[in-house]
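Trainee: Next up is a structure, given as structure tokens.
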Amino acid sequence: MRQLAKASGALVAVNGSEFDISGPDNTGSGGFEGVPQGLYLQNNTHLSAPNNGRTALLLEGLKGRAAVDEISSETRITAPDGATRVVDGINRATGQVLGCGGVGNDYRLSNRVRTLQPWRNTDCVDPDEIVVFRPEWGATTPTPVRRDGTWTDPATGWQVQWHADDAEFAARSVGVVMDGNWVVKELRGPAGERPIPPGGRVLQGIGAGADWLRAHSEVGKAFKPGTTVKDRDGRSVTTPTLSAVAGGTPALVRGGEVWMNPAANGMSQASCVPAELGPGEKCRPTTRSCSAMPVRSPA
């Protein structure tokens, strides 16, 4: 934080988001130091996809409004032949979703439960992804993350299938290299630590995501991207003046009342929202970190 403040010439700096931090005490680290955990927009540019449903701070310029809301987003690409597909992530390791709350075939690594709900500091994984990398990520794309094993979800019959070994996994992966206008310049495989062109983009695919990219990419023709960012009521929050959005931790106050939602932020299964309370009940924090419980006011 001190380094960021010094580099930008800021008088005051506030930690506005959570990031991947490696260390012996952080068992949920994704292994990519400094990558935002969840939503991050800067100057109206989408740099990291959200852990959908988590609380975020929205800023509209130096003198614009500030708001706190629960945010979700979806990024889609339209191929030159008209086919469309949801992009699983932005500027993160393909196959690994830090904090969960993604899209597609995600499941929690710890218990192999399929979920699209956020789980703070927890890894979800997905064998069939497309992730887009911009120059803000760095000079090269990362190597996709492979997990071992195959298993079937007993509730739905859905099967997770990872490739038998690293060589097979890499052989099926692909990187689609594009310029700043999303015009395809080349397809390269296997995906891994390969250059991101200055001002360009790279779509990195694994599993079914790689198959889709190979089937619908055409050198010399452009993909068309589109992103929607919405609040908890499904309304778009994207405006020309939107300068920054950063994923945060649970809300504490809304509309002048205590309003706690740690469950929506993957931190606890208990929340305390006034509209859900019974007669005479109020919100009160518990002794557990970042959780809340309803309590009845004395008569």
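How things are named: the first chain in the structure tokens is A, the next is B, and so on; residues count from 1 in each chain; ligands count from 1 in the order shown.
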Determine which residues of stretch 13-170 of chain A DSSP labels as helix (DSSP H, G or I) from the backbone of this structure, then write them out as a list of chain:residue names.
Mentor: A:Pro135, A:Glu136, A:Trp137, A:Asp166, A:Ala167, A:Glu168, A:Phe169, A:Ala170
Trainee: If we count only C-alpha atoms and set the cut-off at 12 Å, which residues sit around A:Arg201, ignoring sequence neighbours fewer than 3 positions away in its own chain? Please answer as an NGL selection string.
Mentor: :A and (47 or 90-91 or 131-141 or 175-186 or 194-198 or 204 or 222-223 or 225)
Trainee: Convert the current residue selection to file output with N, CA and C atoms, as an mmCIF file, in the first residue's frame.
Mentor:
```
data_model
loop_
_atom_site.group_PDB
_atom_site.id
_atom_site.type_symbol
_atom_site.label_atom_id
_atom_site.label_comp_id
_atom_site.auth_asym_id
_atom_site.auth_seq_id
_atom_site.Cartn_x
_atom_site.Cartn_y
_atom_site.Cartn_z
ATOM 1 N N LEU A 47 -10.508 -5.223 -15.525
ATOM 2 C CA LEU A 47 -9.208 -5.868 -15.361
ATOM 3 C C LEU A 47 -9.268 -7.167 -14.569
ATOM 4 N N ILE A 90 -10.762 -12.988 -16.302
ATOM 5 C CA ILE A 90 -9.947 -11.908 -16.857
ATOM 6 C C ILE A 90 -8.683 -11.790 -16.012
ATOM 7 N N ASN A 91 -7.529 -11.915 -16.647
ATOM 8 C CA ASN A 91 -6.250 -11.726 -15.955
ATOM 9 C C ASN A 91 -6.122 -12.592 -14.696
ATOM 10 N N VAL A 131 -9.988 -17.706 -20.615
ATOM 11 C CA VAL A 131 -9.597 -16.526 -19.839
ATOM 12 C C VAL A 131 -8.903 -15.553 -20.781
ATOM 13 N N VAL A 132 -9.231 -14.267 -20.648
ATOM 14 C CA VAL A 132 -8.602 -13.246 -21.484
ATOM 15 C C VAL A 132 -7.512 -12.538 -20.683
ATOM 16 N N PHE A 133 -6.378 -12.321 -21.332
ATOM 17 C CA PHE A 133 -5.254 -11.617 -20.714
ATOM 18 C C PHE A 133 -4.987 -10.332 -21.482
ATOM 19 N N ARG A 134 -4.818 -9.266 -20.727
ATOM 20 C CA ARG A 134 -4.479 -7.947 -21.250
ATOM 21 C C ARG A 134 -3.032 -7.604 -20.854
ATOM 22 N N PRO A 135 -2.463 -6.554 -21.436
ATOM 23 C CA PRO A 135 -1.088 -6.182 -21.074
ATOM 24 C C PRO A 135 -0.925 -5.847 -19.598
ATOM 25 N N GLU A 136 -2.026 -5.440 -18.918
ATOM 26 C CA GLU A 136 -1.916 -5.124 -17.494
ATOM 27 C C GLU A 136 -1.509 -6.343 -16.671
ATOM 28 N N TRP A 137 -1.757 -7.537 -17.193
ATOM 29 C CA TRP A 137 -1.335 -8.745 -16.476
ATOM 30 C C TRP A 137 0.179 -8.822 -16.373
ATOM 31 N N GLY A 138 0.856 -8.483 -17.463
ATOM 32 C CA GLY A 138 2.311 -8.569 -17.511
ATOM 33 C C GLY A 138 2.783 -8.898 -18.905
ATOM 34 N N ALA A 139 4.032 -9.296 -19.024
ATOM 35 C CA ALA A 139 4.632 -9.530 -20.339
ATOM 36 C C ALA A 139 4.213 -10.857 -20.949
ATOM 37 N N THR A 140 3.893 -11.854 -20.116
ATOM 38 C CA THR A 140 3.561 -13.177 -20.631
ATOM 39 C C THR A 140 2.329 -13.743 -19.942
ATOM 40 N N THR A 141 1.645 -14.627 -20.632
ATOM 41 C CA THR A 141 0.525 -15.339 -20.023
ATOM 42 C C THR A 141 1.062 -16.419 -19.073
ATOM 43 N N GLY A 175 -3.737 -20.762 -27.153
ATOM 44 C CA GLY A 175 -3.753 -19.327 -26.950
ATOM 45 C C GLY A 175 -4.081 -18.639 -28.265
ATOM 46 N N VAL A 176 -5.074 -17.757 -28.257
ATOM 47 C CA VAL A 176 -5.452 -16.990 -29.442
ATOM 48 C C VAL A 176 -4.903 -15.577 -29.261
ATOM 49 N N VAL A 177 -3.938 -15.207 -30.065
ATOM 50 C CA VAL A 177 -3.256 -13.919 -29.959
ATOM 51 C C VAL A 177 -3.970 -12.897 -30.833
ATOM 52 N N MET A 178 -4.297 -11.725 -30.242
ATOM 53 C CA MET A 178 -5.057 -10.703 -30.948
ATOM 54 C C MET A 178 -4.402 -9.348 -30.762
ATOM 55 N N ASP A 179 -4.740 -8.402 -31.645
ATOM 56 C CA ASP A 179 -4.286 -7.031 -31.446
ATOM 57 C C ASP A 179 -5.286 -6.301 -30.555
ATOM 58 N N GLY A 180 -5.110 -4.993 -30.390
ATOM 59 C CA GLY A 180 -5.986 -4.226 -29.510
ATOM 60 C C GLY A 180 -7.417 -4.129 -29.977
ATOM 61 N N ASN A 181 -7.666 -4.453 -31.242
ATOM 62 C CA ASN A 181 -9.027 -4.471 -31.777
ATOM 63 C C ASN A 181 -9.615 -5.879 -31.809
ATOM 64 N N TRP A 182 -8.976 -6.812 -31.148
ATOM 65 C CA TRP A 182 -9.427 -8.194 -31.031
ATOM 66 C C TRP A 182 -9.356 -8.940 -32.359
ATOM 67 N N VAL A 183 -8.543 -8.459 -33.287
ATOM 68 C CA VAL A 183 -8.328 -9.155 -34.550
ATOM 69 C C VAL A 183 -7.315 -10.280 -34.310
ATOM 70 N N VAL A 184 -7.667 -11.500 -34.700
ATOM 71 C CA VAL A 184 -6.826 -12.666 -34.457
ATOM 72 C C VAL A 184 -5.576 -12.596 -35.328
ATOM 73 N N LYS A 185 -4.417 -12.718 -34.686
ATOM 74 C CA LYS A 185 -3.142 -12.725 -35.387
ATOM 75 C C LYS A 185 -2.568 -14.128 -35.535
ATOM 76 N N GLU A 186 -2.771 -14.958 -34.515
ATOM 77 C CA GLU A 186 -2.289 -16.333 -34.601
ATOM 78 C C GLU A 186 -2.918 -17.180 -33.514
ATOM 79 N N ARG A 194 3.788 -17.446 -22.637
ATOM 80 C CA ARG A 194 4.028 -16.923 -23.976
ATOM 81 C C ARG A 194 3.746 -15.426 -23.962
ATOM 82 N N PRO A 195 4.375 -14.637 -24.854
ATOM 83 C CA PRO A 195 4.241 -13.169 -24.806
ATOM 84 C C PRO A 195 2.809 -12.686 -25.037
ATOM 85 N N ILE A 196 2.445 -11.636 -24.315
ATOM 86 C CA ILE A 196 1.228 -10.870 -24.582
ATOM 87 C C ILE A 196 1.644 -9.682 -25.444
ATOM 88 N N PRO A 197 1.106 -9.521 -26.646
ATOM 89 C CA PRO A 197 1.574 -8.438 -27.523
ATOM 90 C C PRO A 197 1.263 -7.073 -26.923
ATOM 91 N N PRO A 198 2.154 -6.095 -27.080
ATOM 92 C CA PRO A 198 1.890 -4.743 -26.577
ATOM 93 C C PRO A 198 0.563 -4.210 -27.121
ATOM 94 N N GLN A 204 -6.933 -17.464 -23.686
ATOM 95 C CA GLN A 204 -6.303 -18.742 -23.354
ATOM 96 C C GLN A 204 -7.392 -19.746 -23.019
ATOM 97 N N ALA A 222 -11.968 -10.601 -36.431
ATOM 98 C CA ALA A 222 -12.018 -10.139 -35.042
ATOM 99 C C ALA A 222 -13.113 -10.807 -34.229
ATOM 100 N N PHE A 223 -12.801 -11.023 -32.958
ATOM 101 C CA PHE A 223 -13.815 -11.323 -31.958
ATOM 102 C C PHE A 223 -14.444 -9.996 -31.503
ATOM 103 N N PRO A 225 -16.000 -8.393 -28.113
ATOM 104 C CA PRO A 225 -16.250 -8.605 -26.684
ATOM 105 C C PRO A 225 -17.380 -7.714 -26.184
#
```
Trainee: Select from stretch 143-215 of chain A every residue with an atom at most 9 Å from any atom of stretch 99-113 of chain A, then for each give the shortest pair of atoms and their distance in Å to one decimal, using only C-alpha atoms, rows by chain and rising number, as a tab-separated table.
Mentor:
```
residue	atom	partner	partner_atom	distance
A:Trp151	CA	A:Arg112	CA	8.3
A:Asp153	CA	A:Val113	CA	7.4
A:Val160	CA	A:Asn105	CA	8.4
```
Trainee: Can you write just those residues out, N, CA, C and O atoms, as a PDB file, in the first residue's frame?
Mentor:
```
ATOM      1  N   TRP A 151     -14.154 -37.172 -11.309  1.00  0.00           N
ATOM      2  CA  TRP A 151     -15.172 -37.520 -10.327  1.00  0.00           C
ATOM      3  C   TRP A 151     -16.544 -37.115 -10.843  1.00  0.00           C
ATOM      4  O   TRP A 151     -16.667 -36.298 -11.747  1.00  0.00           O
ATOM      5  N   ASP A 153     -20.451 -35.737  -9.772  1.00  0.00           N
ATOM      6  CA  ASP A 153     -21.305 -35.109  -8.769  1.00  0.00           C
ATOM      7  C   ASP A 153     -22.523 -36.012  -8.554  1.00  0.00           C
ATOM      8  O   ASP A 153     -23.320 -36.202  -9.477  1.00  0.00           O
ATOM      9  N   VAL A 160     -16.566 -34.311 -13.795  1.00  0.00           N
ATOM     10  CA  VAL A 160     -15.361 -33.514 -13.981  1.00  0.00           C
ATOM     11  C   VAL A 160     -14.300 -34.400 -14.610  1.00  0.00           C
ATOM     12  O   VAL A 160     -14.019 -35.489 -14.100  1.00  0.00           O
TER      13      VAL A 160
END
```
Trainee: Determine, for each residue of stretch 3-104 of chain A having at least one atom at most 10 Å from an atom of stretch 238-248 of chain A, the closest pair of atoms and their separation in Å to one decimal, counting only C-alpha atoms; order by chain and ascending number, as a Markdown table.
Mentor:
```
| residue | atom | partner | partner_atom | distance |
| --- | --- | --- | --- | --- |
| A:Asn15 | CA | A:Gly248 | CA | 9.2 |
| A:Gly16 | CA | A:Ala246 | CA | 6.2 |
| A:Ser17 | CA | A:Gly248 | CA | 5.0 |
| A:Glu18 | CA | A:Gly248 | CA | 6.6 |
| A:Phe19 | CA | A:Gly247 | CA | 9.8 |
| A:Pro36 | CA | A:Gly247 | CA | 8.3 |
| A:Gln37 | CA | A:Gly247 | CA | 7.4 |
| A:Gly38 | CA | A:Gly247 | CA | 5.6 |
| A:Leu39 | CA | A:Gly247 | CA | 4.9 |
| A:Tyr40 | CA | A:Ala246 | CA | 4.7 |
| A:Leu41 | CA | A:Val245 | CA | 4.8 |
| A:Gln42 | CA | A:Ala244 | CA | 4.5 |
| A:Asn43 | CA | A:Ser243 | CA | 4.2 |
| A:Asn44 | CA | A:Ser243 | CA | 5.3 |
| A:Thr45 | CA | A:Ala244 | CA | 8.3 |
| A:His46 | CA | A:Val245 | CA | 8.9 |
| A:Leu47 | CA | A:Val245 | CA | 9.9 |
| A:Ser48 | CA | A:Ala246 | CA | 9.3 |
| A:Ala49 | CA | A:Gly247 | CA | 9.5 |
| A:Pro50 | CA | A:Gly247 | CA | 7.0 |
| A:Asn51 | CA | A:Gly247 | CA | 8.1 |
| A:Asn52 | CA | A:Gly247 | CA | 9.7 |
| A:Gly53 | CA | A:Gly247 | CA | 9.9 |
| A:Arg54 | CA | A:Gly247 | CA | 6.9 |
| A:Thr55 | CA | A:Gly248 | CA | 5.6 |
| A:Ala56 | CA | A:Gly247 | CA | 4.2 |
| A:Leu57 | CA | A:Ala246 | CA | 5.4 |
| A:Leu58 | CA | A:Val245 | CA | 4.6 |
| A:Leu59 | CA | A:Ala244 | CA | 5.2 |
| A:Glu60 | CA | A:Leu242 | CA | 4.5 |
| A:Gly61 | CA | A:Ser243 | CA | 5.4 |
| A:Leu62 | CA | A:Ser243 | CA | 8.7 |
| A:Gly64 | CA | A:Thr241 | CA | 8.0 |
| A:Arg65 | CA | A:Leu242 | CA | 9.3 |
| A:Ala66 | CA | A:Val245 | CA | 9.8 |
| A:Ala67 | CA | A:Val245 | CA | 9.6 |
| A:Val68 | CA | A:Gly248 | CA | 9.2 |
| A:Asp69 | CA | A:Gly247 | CA | 9.7 |
| A:Glu70 | CA | A:Gly247 | CA | 9.0 |
| A:Ile71 | CA | A:Gly247 | CA | 8.3 |
```
Trainee: Could you write out that same residue set with N, CA, C and O atoms as a short mmCIF file (atom, residue, chain, number, x, y, z; two decimals), in the first residue's frame?
Mentor:
```
data_model
loop_
_atom_site.label_atom_id
_atom_site.label_comp_id
_atom_site.auth_asym_id
_atom_site.auth_seq_id
_atom_site.Cartn_x
_atom_site.Cartn_y
_atom_site.Cartn_z
N ASN A 15 -6.77 0.56 1.53
CA ASN A 15 -6.81 -0.77 0.93
C ASN A 15 -8.22 -1.05 0.46
O ASN A 15 -9.12 -1.27 1.26
N GLY A 16 -8.44 -1.03 -0.87
CA GLY A 16 -9.79 -1.10 -1.41
C GLY A 16 -10.19 -2.45 -1.93
O GLY A 16 -11.27 -2.61 -2.48
N SER A 17 -9.38 -3.46 -1.81
CA SER A 17 -9.74 -4.77 -2.35
C SER A 17 -8.89 -5.82 -1.67
O SER A 17 -8.01 -5.52 -0.87
N GLU A 18 -9.18 -7.09 -2.00
CA GLU A 18 -8.36 -8.19 -1.51
C GLU A 18 -7.54 -8.74 -2.66
O GLU A 18 -7.97 -8.72 -3.81
N PHE A 19 -6.36 -9.26 -2.35
CA PHE A 19 -5.45 -9.75 -3.36
C PHE A 19 -4.91 -11.11 -2.97
O PHE A 19 -4.94 -11.49 -1.80
N PRO A 36 -5.91 -9.45 -8.00
CA PRO A 36 -7.11 -9.11 -7.23
C PRO A 36 -8.01 -10.32 -7.03
O PRO A 36 -8.18 -11.15 -7.93
N GLN A 37 -8.55 -10.44 -5.84
CA GLN A 37 -9.54 -11.48 -5.56
C GLN A 37 -10.92 -10.87 -5.84
O GLN A 37 -11.52 -10.23 -5.01
N GLY A 38 -11.39 -11.06 -7.06
CA GLY A 38 -12.70 -10.51 -7.41
C GLY A 38 -12.60 -9.31 -8.33
O GLY A 38 -11.59 -9.07 -8.99
N LEU A 39 -13.68 -8.55 -8.35
CA LEU A 39 -13.87 -7.48 -9.33
C LEU A 39 -12.86 -6.35 -9.19
O LEU A 39 -12.55 -5.90 -8.10
N TYR A 40 -12.36 -5.90 -10.35
CA TYR A 40 -11.48 -4.73 -10.38
C TYR A 40 -11.64 -4.03 -11.72
O TYR A 40 -11.37 -4.61 -12.77
N LEU A 41 -12.12 -2.81 -11.70
CA LEU A 41 -12.19 -1.95 -12.87
C LEU A 41 -11.38 -0.69 -12.60
O LEU A 41 -11.41 -0.15 -11.48
N GLN A 42 -10.66 -0.22 -13.60
CA GLN A 42 -9.92 1.02 -13.49
C GLN A 42 -10.13 1.83 -14.76
O GLN A 42 -9.94 1.31 -15.87
N ASN A 43 -10.55 3.09 -14.59
CA ASN A 43 -10.85 3.95 -15.73
C ASN A 43 -11.81 3.26 -16.69
O ASN A 43 -11.66 3.30 -17.91
N ASN A 44 -12.82 2.62 -16.10
CA ASN A 44 -13.88 1.93 -16.85
C ASN A 44 -13.35 0.75 -17.67
O ASN A 44 -13.99 0.31 -18.62
N THR A 45 -12.17 0.24 -17.33
CA THR A 45 -11.59 -0.91 -18.01
C THR A 45 -11.66 -2.12 -17.08
O THR A 45 -11.18 -2.07 -15.94
N HIS A 46 -12.23 -3.20 -17.56
CA HIS A 46 -12.44 -4.40 -16.77
C HIS A 46 -11.13 -5.18 -16.69
O HIS A 46 -10.68 -5.74 -17.69
N LEU A 47 -10.51 -5.22 -15.53
CA LEU A 47 -9.21 -5.87 -15.36
C LEU A 47 -9.27 -7.17 -14.57
O LEU A 47 -8.31 -7.94 -14.57
N SER A 48 -10.37 -7.40 -13.88
CA SER A 48 -10.52 -8.65 -13.12
C SER A 48 -12.01 -8.91 -12.92
O SER A 48 -12.76 -8.00 -12.57
N ALA A 49 -12.43 -10.14 -13.16
CA ALA A 49 -13.84 -10.50 -13.02
C ALA A 49 -14.19 -10.68 -11.54
O ALA A 49 -13.34 -11.03 -10.72
N PRO A 50 -15.46 -10.45 -11.18
CA PRO A 50 -15.83 -10.53 -9.77
C PRO A 50 -16.01 -11.96 -9.28
O PRO A 50 -16.17 -12.90 -10.06
N ASN A 51 -15.96 -12.11 -7.95
CA ASN A 51 -16.54 -13.29 -7.32
C ASN A 51 -18.02 -12.94 -7.19
O ASN A 51 -18.42 -12.22 -6.28
N ASN A 52 -18.81 -13.36 -8.15
CA ASN A 52 -20.16 -12.82 -8.35
C ASN A 52 -20.99 -12.79 -7.07
O ASN A 52 -21.06 -13.76 -6.33
N GLY A 53 -21.58 -11.63 -6.82
CA GLY A 53 -22.44 -11.44 -5.66
C GLY A 53 -21.75 -10.80 -4.48
O GLY A 53 -22.42 -10.43 -3.49
N ARG A 54 -20.42 -10.62 -4.53
CA ARG A 54 -19.73 -9.99 -3.41
C ARG A 54 -19.89 -8.47 -3.44
O ARG A 54 -20.13 -7.87 -4.49
N THR A 55 -19.74 -7.88 -2.28
CA THR A 55 -19.87 -6.43 -2.14
C THR A 55 -18.68 -5.73 -2.79
O THR A 55 -17.55 -6.21 -2.72
N ALA A 56 -18.95 -4.58 -3.42
CA ALA A 56 -17.90 -3.83 -4.10
C ALA A 56 -18.13 -2.33 -3.93
O ALA A 56 -19.25 -1.87 -3.69
N LEU A 57 -17.05 -1.58 -4.07
CA LEU A 57 -17.08 -0.12 -4.03
C LEU A 57 -17.02 0.40 -5.45
O LEU A 57 -16.16 0.02 -6.24
N LEU A 58 -17.95 1.33 -5.79
CA LEU A 58 -18.00 1.94 -7.11
C LEU A 58 -17.70 3.42 -6.99
O LEU A 58 -18.30 4.12 -6.15
N LEU A 59 -16.80 3.92 -7.82
CA LEU A 59 -16.41 5.33 -7.79
C LEU A 59 -16.57 5.92 -9.18
O LEU A 59 -16.21 5.31 -10.18
N GLU A 60 -17.10 7.15 -9.23
CA GLU A 60 -17.27 7.85 -10.50
C GLU A 60 -16.48 9.16 -10.48
O GLU A 60 -17.02 10.24 -10.28
N GLY A 61 -15.17 9.04 -10.67
CA GLY A 61 -14.34 10.23 -10.75
C GLY A 61 -14.12 10.90 -9.40
O GLY A 61 -14.67 10.51 -8.38
N LEU A 62 -13.30 11.96 -9.42
CA LEU A 62 -12.92 12.64 -8.18
C LEU A 62 -14.10 13.30 -7.49
O LEU A 62 -14.16 13.37 -6.27
N GLY A 64 -17.43 12.59 -8.42
CA GLY A 64 -18.63 11.82 -8.71
C GLY A 64 -19.12 11.06 -7.51
O GLY A 64 -18.57 11.14 -6.41
N ARG A 65 -20.18 10.29 -7.71
CA ARG A 65 -20.78 9.55 -6.60
C ARG A 65 -19.94 8.34 -6.24
O ARG A 65 -19.15 7.83 -7.04
N ALA A 66 -20.12 7.90 -5.03
CA ALA A 66 -19.55 6.64 -4.58
C ALA A 66 -20.70 5.77 -4.10
O ALA A 66 -21.67 6.26 -3.53
N ALA A 67 -20.61 4.50 -4.36
CA ALA A 67 -21.68 3.59 -3.97
C ALA A 67 -21.08 2.26 -3.54
O ALA A 67 -19.98 1.89 -3.96
N VAL A 68 -21.81 1.55 -2.70
CA VAL A 68 -21.44 0.20 -2.26
C VAL A 68 -22.60 -0.72 -2.61
O VAL A 68 -23.75 -0.43 -2.25
N ASP A 69 -22.31 -1.79 -3.32
CA ASP A 69 -23.39 -2.69 -3.75
C ASP A 69 -22.82 -4.08 -3.99
O ASP A 69 -21.60 -4.27 -4.01
N GLU A 70 -23.71 -5.05 -4.17
CA GLU A 70 -23.30 -6.41 -4.49
C GLU A 70 -23.28 -6.54 -6.02
O GLU A 70 -24.32 -6.33 -6.67
N ILE A 71 -22.14 -6.89 -6.57
CA ILE A 71 -21.90 -6.76 -7.99
C ILE A 71 -21.65 -8.13 -8.64
O ILE A 71 -21.01 -9.00 -8.07
#
```
Trainee: In Å, with one decimal, what is the gap from atom CA of A:Leu98 to atom CA of A:Trp162?
Mentor: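 About the pair atom CA of A:Leu98 and atom CA of A:Trp162: they are 18.7 Å apart.
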Trainee: As a VMD selection string, which residues of stretch 167-288 of chain A does DSSP assign to strand (DSSP E)?
Mentor: chain A and resid 174 to 178 184 to 188 201 to 206 224 to 230 244 to 247 253 to 254 257 to 258 281 to 285
Trainee: Atoms to include: N, CA and C atoms. Write the selected residues as a short mmCIF file (atom, residue, chain, number, x, y, z; two decimals), in the first residue's frame.
Mentor:
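Below you can see again24.cif, which holds the result:
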```
data_model
loop_
_atom_site.label_atom_id
_atom_site.label_comp_id
_atom_site.auth_asym_id
_atom_site.auth_seq_id
_atom_site.Cartn_x
_atom_site.Cartn_y
_atom_site.Cartn_z
N VAL A 174 -4.78 -23.91 -25.78
CA VAL A 174 -4.50 -23.04 -26.92
C VAL A 174 -4.50 -21.59 -26.47
N GLY A 175 -3.74 -20.76 -27.15
CA GLY A 175 -3.75 -19.33 -26.95
C GLY A 175 -4.08 -18.64 -28.27
N VAL A 176 -5.07 -17.76 -28.26
CA VAL A 176 -5.45 -16.99 -29.44
C VAL A 176 -4.90 -15.58 -29.26
N VAL A 177 -3.94 -15.21 -30.07
CA VAL A 177 -3.26 -13.92 -29.96
C VAL A 177 -3.97 -12.90 -30.83
N MET A 178 -4.30 -11.72 -30.24
CA MET A 178 -5.06 -10.70 -30.95
C MET A 178 -4.40 -9.35 -30.76
N VAL A 184 -7.67 -11.50 -34.70
CA VAL A 184 -6.83 -12.67 -34.46
C VAL A 184 -5.58 -12.60 -35.33
N LYS A 185 -4.42 -12.72 -34.69
CA LYS A 185 -3.14 -12.72 -35.39
C LYS A 185 -2.57 -14.13 -35.53
N GLU A 186 -2.77 -14.96 -34.52
CA GLU A 186 -2.29 -16.33 -34.60
C GLU A 186 -2.92 -17.18 -33.51
N LEU A 187 -2.94 -18.49 -33.75
CA LEU A 187 -3.29 -19.47 -32.73
C LEU A 187 -2.01 -20.21 -32.38
N ARG A 188 -1.76 -20.35 -31.09
CA ARG A 188 -0.53 -21.01 -30.67
C ARG A 188 -0.84 -22.02 -29.56
N ARG A 201 -4.30 -8.61 -26.86
CA ARG A 201 -5.03 -9.50 -25.97
C ARG A 201 -4.65 -10.94 -26.30
N VAL A 202 -4.83 -11.82 -25.34
CA VAL A 202 -4.68 -13.26 -25.57
C VAL A 202 -5.85 -13.96 -24.92
N LEU A 203 -6.57 -14.77 -25.71
CA LEU A 203 -7.60 -15.66 -25.17
C LEU A 203 -6.95 -17.01 -24.94
N GLN A 204 -6.93 -17.46 -23.69
CA GLN A 204 -6.30 -18.74 -23.35
C GLN A 204 -7.39 -19.75 -23.02
N GLY A 205 -7.36 -20.90 -23.68
CA GLY A 205 -8.40 -21.89 -23.47
C GLY A 205 -7.85 -23.23 -23.04
N ILE A 206 -8.62 -23.93 -22.18
CA ILE A 206 -8.31 -25.29 -21.78
C ILE A 206 -9.57 -26.13 -21.92
N LYS A 224 -15.67 -10.08 -31.05
CA LYS A 224 -16.34 -8.89 -30.50
C LYS A 224 -16.64 -9.15 -29.03
N PRO A 225 -16.00 -8.39 -28.11
CA PRO A 225 -16.25 -8.61 -26.68
C PRO A 225 -17.38 -7.71 -26.18
N GLY A 226 -18.01 -8.14 -25.13
CA GLY A 226 -19.03 -7.33 -24.47
C GLY A 226 -19.15 -7.71 -23.01
N THR A 227 -19.21 -6.72 -22.13
CA THR A 227 -19.26 -6.97 -20.70
C THR A 227 -20.43 -6.21 -20.07
N THR A 228 -21.15 -6.88 -19.20
CA THR A 228 -22.18 -6.23 -18.40
C THR A 228 -21.78 -6.34 -16.93
N VAL A 229 -21.94 -5.24 -16.20
CA VAL A 229 -21.67 -5.20 -14.76
C VAL A 229 -22.96 -4.73 -14.09
N LYS A 230 -23.51 -5.55 -13.19
CA LYS A 230 -24.82 -5.25 -12.63
C LYS A 230 -24.80 -5.26 -11.11
N ALA A 244 -13.63 3.56 -11.21
CA ALA A 244 -13.02 2.44 -10.50
C ALA A 244 -14.09 1.63 -9.80
N VAL A 245 -13.89 0.33 -9.78
CA VAL A 245 -14.71 -0.59 -9.00
C VAL A 245 -13.76 -1.60 -8.38
N ALA A 246 -13.90 -1.82 -7.09
CA ALA A 246 -13.03 -2.78 -6.41
C ALA A 246 -13.86 -3.67 -5.51
N GLY A 247 -13.64 -4.98 -5.61
CA GLY A 247 -14.31 -5.92 -4.73
C GLY A 247 -13.86 -5.72 -3.30
N VAL A 253 -23.29 -1.28 6.80
CA VAL A 253 -24.41 -0.35 6.97
C VAL A 253 -25.02 -0.07 5.61
N ARG A 254 -26.34 0.00 5.56
CA ARG A 254 -27.01 0.40 4.33
C ARG A 254 -28.30 1.14 4.69
N GLU A 257 -28.96 1.88 8.42
CA GLU A 257 -29.18 0.79 9.36
C GLU A 257 -28.05 -0.23 9.27
N VAL A 258 -27.84 -0.95 10.37
CA VAL A 258 -26.89 -2.06 10.32
C VAL A 258 -27.39 -3.09 9.31
N GLU A 281 -36.46 -7.52 16.46
CA GLU A 281 -35.08 -7.98 16.32
C GLU A 281 -34.21 -6.92 15.65
N LYS A 282 -32.94 -6.93 16.03
CA LYS A 282 -31.95 -6.04 15.43
C LYS A 282 -30.69 -6.83 15.12
N CYS A 283 -29.84 -6.24 14.29
CA CYS A 283 -28.58 -6.90 13.96
C CYS A 283 -27.54 -6.61 15.02
N ARG A 284 -26.76 -7.63 15.35
CA ARG A 284 -25.65 -7.44 16.27
C ARG A 284 -24.52 -8.35 15.83
N PRO A 285 -23.28 -7.83 15.74
CA PRO A 285 -22.15 -8.70 15.39
C PRO A 285 -21.96 -9.77 16.44
#
```
Trainee: Hey, can you check how far atom CA of A:Ala191 sits from atom CA of A:Pro142?
Mentor: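 Pair atom CA of A:Ala191 / atom CA of A:Pro142 returns 8.3 Å.
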Trainee: For A:Thr143, work out the shell of residues within 9 Å, counting only C-alpha atoms and skipping chain neighbours fewer than 3 positions away, then give it as a PyMOL selection string.
Mentor: chain A and resi 93-94+170+191-194
Trainee: So, counting only C-alpha atoms, which residue among A:Thr122, A:Ser73, A:Thr78, A:Gln3 is closest to A:Lys221?
Mentor: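 Of A:Thr122, A:Ser73, A:Thr78, A:Gln3, the one nearest A:Lys221 is A:Thr78, counting only C-alpha atoms.
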Trainee: Using only C-alpha atoms, which residue out of A:Pro154, A:Gly209, A:Gly266, A:Gly280 lies closest to A:Glu129?
Mentor: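 Closest to A:Glu129 of all the choices is A:Gly209.
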Trainee: Taking only C-alpha atoms into account, which of A:Cys124, A:Arg114, A:Gly278, A:Val86 comes nearest A:Trp158?
Mentor: A:Arg114
Trainee: Nearest residue to A:Ile77 out of A:Gln159, A:Ala208, A:Pro190, A:His216, using only C-alpha atoms?
Mentor: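 Going through A:Gln159, A:Ala208, A:Pro190, A:His216 one by one, the smallest distance to A:Ile77 is for A:His216.
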